[in-house]
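Text of the file final18.cif, holding mmCIF, C-alpha atoms:
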data_upload
#
loop_
_atom_site.label_atom_id
_atom_site.label_comp_id
_atom_site.auth_asym_id
_atom_site.auth_seq_id
_atom_site.Cartn_x
_atom_site.Cartn_y
_atom_site.Cartn_z
CA MET A 1 40.55 -21.01 0.80
CA ARG A 2 39.13 -23.93 -1.09
CA LEU A 3 35.36 -23.93 -1.53
CA THR A 4 33.21 -27.03 -1.56
CA PRO A 5 31.62 -27.72 -4.94
CA LEU A 6 28.28 -26.41 -3.65
CA LEU A 7 29.62 -23.20 -2.12
CA GLY A 8 31.78 -22.51 -5.10
CA PHE A 9 28.73 -22.81 -7.29
CA LEU A 10 26.75 -20.49 -5.05
CA PHE A 11 29.27 -17.72 -5.51
CA LEU A 12 29.20 -17.72 -9.30
CA PRO A 13 28.46 -14.15 -10.47
CA LEU A 14 24.85 -13.49 -11.40
CA LEU A 15 24.76 -10.18 -13.24
CA THR A 16 22.14 -7.51 -12.75
CA PRO A 17 20.08 -6.85 -15.89
CA LEU A 18 20.65 -3.58 -17.72
CA ALA A 19 17.01 -2.44 -17.67
CA ALA A 20 16.18 -2.36 -13.97
CA LEU A 21 14.66 -0.10 -11.32
CA ALA A 22 16.57 0.94 -8.22
CA ALA A 23 14.80 0.53 -4.87
CA THR A 24 15.43 0.36 -1.11
CA VAL A 25 14.28 -2.50 1.11
CA ILE A 26 11.71 -1.54 3.76
CA SER A 27 10.82 -4.98 5.13
CA VAL A 28 10.79 -8.69 4.36
CA GLY A 29 7.47 -10.49 4.82
CA ASP A 30 8.45 -14.08 4.07
CA GLY A 31 10.82 -16.06 1.91
CA ASP A 32 9.50 -14.65 -1.37
CA THR A 33 7.87 -11.33 -0.45
CA LEU A 34 9.31 -7.96 0.54
CA ARG A 35 8.43 -4.29 0.65
CA VAL A 36 10.56 -1.66 -1.07
CA GLU A 37 10.52 2.05 -1.78
CA GLU A 38 11.12 3.02 -5.38
CA ALA A 39 11.05 6.63 -6.63
CA GLY A 40 9.04 7.73 -3.59
CA ARG A 41 6.43 4.97 -3.82
CA LYS A 42 6.13 1.87 -1.67
CA LEU A 43 5.75 -1.46 -3.45
CA THR A 44 5.12 -5.02 -2.33
CA ILE A 45 7.42 -7.28 -4.32
CA ARG A 46 6.71 -10.94 -5.03
CA VAL A 47 10.08 -12.43 -5.96
CA ALA A 48 9.67 -13.94 -9.42
CA CYS A 49 10.09 -17.60 -10.38
CA ILE A 50 10.49 -18.99 -6.86
CA ASP A 51 8.08 -20.30 -4.24
CA ALA A 52 9.13 -20.28 -0.59
CA PRO A 53 7.68 -22.57 2.07
CA GLU A 54 4.72 -20.97 3.85
CA MET A 55 5.29 -19.69 7.37
CA ALA A 56 3.04 -22.50 8.60
CA GLN A 57 5.53 -25.00 7.14
CA ALA A 58 7.82 -24.67 10.15
CA PRO A 59 10.73 -24.38 10.37
CA TYR A 60 11.31 -24.00 6.64
CA GLY A 61 9.17 -20.90 6.13
CA GLN A 62 11.01 -19.10 8.92
CA GLN A 63 14.38 -20.20 7.55
CA ALA A 64 13.54 -18.90 4.08
CA ARG A 65 12.46 -15.56 5.49
CA ALA A 66 15.62 -15.29 7.60
CA ALA A 67 17.78 -16.06 4.56
CA LEU A 68 16.07 -13.34 2.51
CA GLN A 69 16.36 -10.87 5.41
CA GLN A 70 20.07 -11.62 5.69
CA MET A 71 20.57 -11.14 1.96
CA LEU A 72 18.37 -8.03 1.75
CA PRO A 73 18.52 -6.22 5.10
CA VAL A 74 16.31 -3.21 5.72
CA GLY A 75 17.84 -0.15 4.08
CA SER A 76 19.82 -2.09 1.50
CA SER A 77 19.71 -1.17 -2.17
CA VAL A 78 18.24 -3.56 -4.73
CA THR A 79 17.40 -3.48 -8.40
CA LEU A 80 14.17 -4.88 -9.78
CA LYS A 81 13.58 -6.59 -13.08
CA THR A 82 9.81 -6.24 -13.11
CA GLN A 83 7.61 -8.70 -14.97
CA THR A 84 3.96 -8.12 -14.05
CA LYS A 85 1.51 -7.71 -11.18
CA ASP A 86 -0.15 -10.71 -9.58
CA ARG A 87 -3.79 -11.07 -8.56
CA TYR A 88 -3.01 -9.65 -5.11
CA GLY A 89 -1.60 -6.45 -6.60
CA ARG A 90 2.01 -7.34 -5.83
CA THR A 91 4.74 -6.41 -8.27
CA VAL A 92 6.39 -9.59 -9.56
CA SER A 93 10.10 -8.98 -10.08
CA GLU A 94 13.45 -10.64 -10.09
CA VAL A 95 15.40 -8.92 -7.33
CA PHE A 96 19.14 -8.24 -7.46
CA THR A 97 21.41 -7.26 -4.58
CA ALA A 98 23.82 -4.34 -4.69
CA ASP A 99 26.65 -6.72 -5.65
CA GLY A 100 24.62 -8.18 -8.53
CA ARG A 101 23.31 -11.43 -7.07
CA ASN A 102 19.90 -12.66 -8.15
CA ALA A 103 18.18 -13.02 -4.76
CA GLY A 104 15.58 -15.56 -5.87
CA LEU A 105 18.05 -17.73 -7.70
CA THR A 106 20.40 -17.61 -4.71
CA LEU A 107 17.62 -18.80 -2.38
CA VAL A 108 16.96 -21.74 -4.72
CA GLN A 109 20.68 -22.56 -4.74
CA GLN A 110 20.76 -22.51 -0.94
CA GLY A 111 17.78 -24.84 -0.71
CA HIS A 112 15.48 -22.29 0.94
CA THR A 113 12.94 -22.07 -1.90
CA PHE A 114 11.72 -24.05 -4.89
CA ALA A 115 11.83 -23.12 -8.55
CA TYR A 116 8.22 -22.09 -9.25
CA ARG A 117 7.64 -24.19 -12.34
CA GLN A 118 4.27 -22.67 -13.16
CA TYR A 119 5.92 -19.29 -13.80
CA LEU A 120 9.46 -20.20 -14.83
CA LYS A 121 9.00 -19.07 -18.43
CA GLN A 122 9.33 -15.49 -17.21
CA CYS A 123 12.92 -16.18 -16.12
CA GLU A 124 15.91 -18.20 -17.33
CA GLN A 125 14.25 -21.44 -16.30
CA TRP A 126 17.28 -23.60 -17.00
CA ALA A 127 19.24 -21.66 -14.35
CA TYR A 128 16.57 -22.10 -11.67
CA LEU A 129 16.11 -25.79 -12.37
CA ASP A 130 19.86 -26.34 -12.48
CA ARG A 131 20.40 -24.64 -9.11
CA GLU A 132 17.52 -26.57 -7.61
CA LYS A 133 19.04 -29.86 -8.76
CA LEU A 134 22.32 -28.86 -7.14
CA ALA A 135 20.62 -28.03 -3.82
CA GLU A 136 18.83 -31.38 -3.92
CA ARG A 137 22.06 -33.22 -4.65
CA TYR A 138 23.75 -31.70 -1.60
CA HIS A 139 20.66 -32.12 0.66
CA VAL A 140 20.50 -28.52 1.84
CA GLY A 141 17.51 -26.61 3.22
CA VAL A 142 14.19 -28.05 2.09
CA TRP A 143 16.08 -30.96 0.52
CA ARG A 144 17.28 -32.35 3.85
CA VAL A 145 14.07 -34.38 3.63
CA GLU A 146 14.35 -37.06 0.96
CA GLY A 147 12.62 -35.75 -2.14
CA GLY A 148 12.12 -32.34 -0.52
CA ILE A 149 9.38 -31.10 1.78
CA GLU A 150 5.78 -30.66 0.64
CA ARG A 151 5.78 -28.10 -2.12
CA PRO A 152 4.30 -24.74 -1.07
CA TRP A 153 1.77 -24.77 -3.92
CA ASP A 154 0.52 -28.19 -2.79
CA PHE A 155 0.42 -27.01 0.82
CA ARG A 156 -1.73 -24.00 -0.13
CA ALA A 157 -4.02 -26.10 -2.30
CA ALA A 158 -4.60 -28.54 0.57
CA ARG A 159 -5.44 -25.69 2.94
CA ARG A 160 -7.83 -24.17 0.44
CA GLY A 161 -9.49 -27.55 0.10
CA ARG A 162 -10.00 -27.78 3.85
CA GLN A 163 -11.33 -24.24 4.01
CA SER A 164 -13.78 -24.93 1.20
CA GLN A 165 -15.52 -27.65 3.22
CA PRO A 166 -19.01 -26.49 4.25
CA ALA A 167 -19.13 -25.22 7.79
CA PRO A 168 -22.08 -25.85 10.10
CA ARG A 169 -22.61 -22.13 10.18
CA PRO A 170 -21.03 -19.52 7.93
CA GLN A 171 -18.87 -16.99 9.71
CA ARG A 172 -19.75 -13.41 8.94
CA PRO A 173 -17.71 -10.25 9.46
CA VAL A 174 -18.45 -9.00 12.94
CA ASN A 175 -18.34 -5.54 14.44
CA LEU A 176 -20.13 -5.96 17.74
CA THR A 177 -22.49 -3.56 19.44
CA ILE A 178 -24.02 -4.17 22.87
CA ILE A 179 -27.81 -4.03 22.65
CA ASN A 180 -29.81 -4.78 25.81
CA GLY A 181 -26.79 -6.54 27.24
CA GLU A 182 -26.35 -8.72 24.15
CA ALA A 183 -23.46 -8.47 21.66
CA ARG A 184 -24.79 -8.17 18.11
CA PRO A 185 -23.13 -7.45 14.78
CA SER A 186 -23.30 -3.73 14.03
CA SER A 187 -22.49 -4.10 10.33
CA GLY A 188 -21.75 -6.66 7.65
CA ARG A 189 -18.84 -4.70 6.22
CA ARG A 190 -16.58 -6.46 3.76
CA TRP A 191 -12.94 -5.52 4.23
CA TYR A 192 -10.18 -5.19 1.66
CA CYS A 193 -6.48 -5.41 2.42
CA ARG A 194 -5.89 -1.92 1.08
CA ASN A 195 -8.13 -0.36 3.73
CA VAL A 196 -7.56 -2.65 6.72
CA GLY A 197 -4.75 -0.42 7.97
CA SER A 198 -2.25 -2.90 9.42
CA TRP A 199 -1.13 -6.52 9.27
CA GLU A 200 -2.12 -7.06 12.91
CA ARG A 201 -5.65 -5.78 12.25
CA ALA A 202 -5.89 -8.10 9.23
CA GLN A 203 -5.09 -11.13 11.42
CA GLN A 204 -7.74 -10.04 13.92
CA LEU A 205 -10.31 -9.78 11.15
CA LEU A 206 -9.30 -13.22 9.88
CA ARG A 207 -9.93 -14.68 13.33
CA GLU A 208 -13.33 -12.95 13.38
CA GLY A 209 -14.38 -14.76 10.22
CA HIS A 210 -13.17 -12.61 7.34
CA THR A 211 -11.60 -15.64 5.68
CA TYR A 212 -11.66 -14.05 2.23
CA LEU A 213 -8.71 -11.86 3.36
CA ASP A 214 -6.56 -15.00 3.20
CA GLY A 215 -6.62 -15.23 -0.58
CA ASP A 216 -3.93 -17.91 -0.93
CA GLY A 217 -5.15 -20.08 1.95
CA ASP A 218 -1.89 -20.05 3.91
CA GLY A 219 -3.50 -19.04 7.20
CA GLU A 220 -2.27 -15.43 7.04
CA ALA A 221 -4.33 -12.47 5.91
CA CYS A 222 -3.03 -9.59 3.78
CA GLU A 223 0.64 -10.60 3.70
CA ALA A 224 1.40 -7.46 1.71
CA LEU A 225 0.77 -5.35 4.83
CA ARG A 226 3.79 -6.77 6.67
#
Can I see the file as structure tokens?
Amino acid sequence: MRLTPLLGFLFLPLLTPLAALAATVISVGDGDTLRVEEAGRKLTIRVACIDAPEMAQAPYGQQARAALQQMLPVGSSVTLKTQTKDRYGRTVSEVFTADGRNAGLTLVQQGHTFAYRQYLKQCEQWAYLDREKLAERYHVGVWRVEGGIERPWDFRAARRGRQSQPAPRPQRPVNLTIINGEARPSSGRRWYCRNVGSWERAQQLLREGHTYLDGDGDGEACEALR
């Protein structure tokens, strides 16, 4: 079977690094975040050197997540080339499939994510930029729009800017208690993602005014709990 130039390029071998950790996929949160189990511990992995559209950037965020889920289904084995931890406590790693594909680089090639220029020095930046150029040339994924869709980092920055506008009345964390027939806050507790308990509870708290749980301003609290 003859491959198109793009597809042929996508199937070039991308070798797994020698120094890597073996892990098993537990879940995929979005196009650049997943949960794995490694040596008995559960880790939230931020895929290095790429930036996927936010889930609010429909339908591209959903498409990126679906592509990563298809590539790394629950229960599949991966290897991690770990770089650092980010400010949210996630482990930043290049992720490789069982057959040696670099998951992040493959998503860039397919047009589902962008090369994350701010952090490309941690990876082989020429490879990410080269694959991105190829995806743009063939107008796939986020590049179906001329020039590409709004970059995720710009999207988040714009949302943070809107959220930073002064509100008529600051929203406070609320745990309500009925006193003389009136609902009043029972405490001013500040929550942290590590002790919220579940992703669903985090979204409820966000709706109640705990906006600090949405650290990156994408409209979703505590993504690591997915």
>> Please enumerate the residues selected by the PyMOL selection byres ((chain A and resi 87-100) around 10) when evaluated against the supplied file, formatted as a count of residues only.
In response: 48
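You will find CA of Asp130 (chain A) at 12.2 Å from CA of Gln110 (chain A).
A straight line drawn from CA of Leu134 (chain A) to CA of Gln109 (chain A) is 6.9 Å long.
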> What does the distance from CA of Phe155 (chain A) to CA of Asp218 (chain A) come to in Å, to one decimal?
Replying inline: 8.0 Å
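Proximity to Glu150 (chain A) was assessed for A:Trp191, A:Tyr138, A:Trp126, A:Phe114 counting only C-alpha atoms; the smallest distance is recorded for A:Phe114.
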>> When the PyMOL selection byres ((chain A and resi 68) around 8) is applied to the structure above, which residues does it catch, written out as a ChimeraX atom specification?
In response: /A:28,30-32,64-67,69-73,103,107
>> I need the output of the PyMOL selection byres ((chain A and resi 133) around 12) for this file as an NGL selection string; which residues are they?
In response: :A and (6 or 108-111 or 114-115 or 126-132 or 134-140 or 143 or 147-148)
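Compared by their closest atoms to Tyr116 (chain A), and using all atoms listed in the file, the residues A:Trp153, A:Trp199, A:Tyr192, A:Tyr60 rank with A:Trp153 nearest.
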Could you work out an axis-aligned bounding box for all listed atoms of region 74-90 of chain A, with 5 Å added on each of the six sides, and give its centre and edge lengths in Å to one decimal, as lines of an AutoDock Vina configuration file?
center_x = 8.0
center_y = -5.6
center_z = -4.6
size_x = 33.6
size_y = 20.9
size_z = 30.7
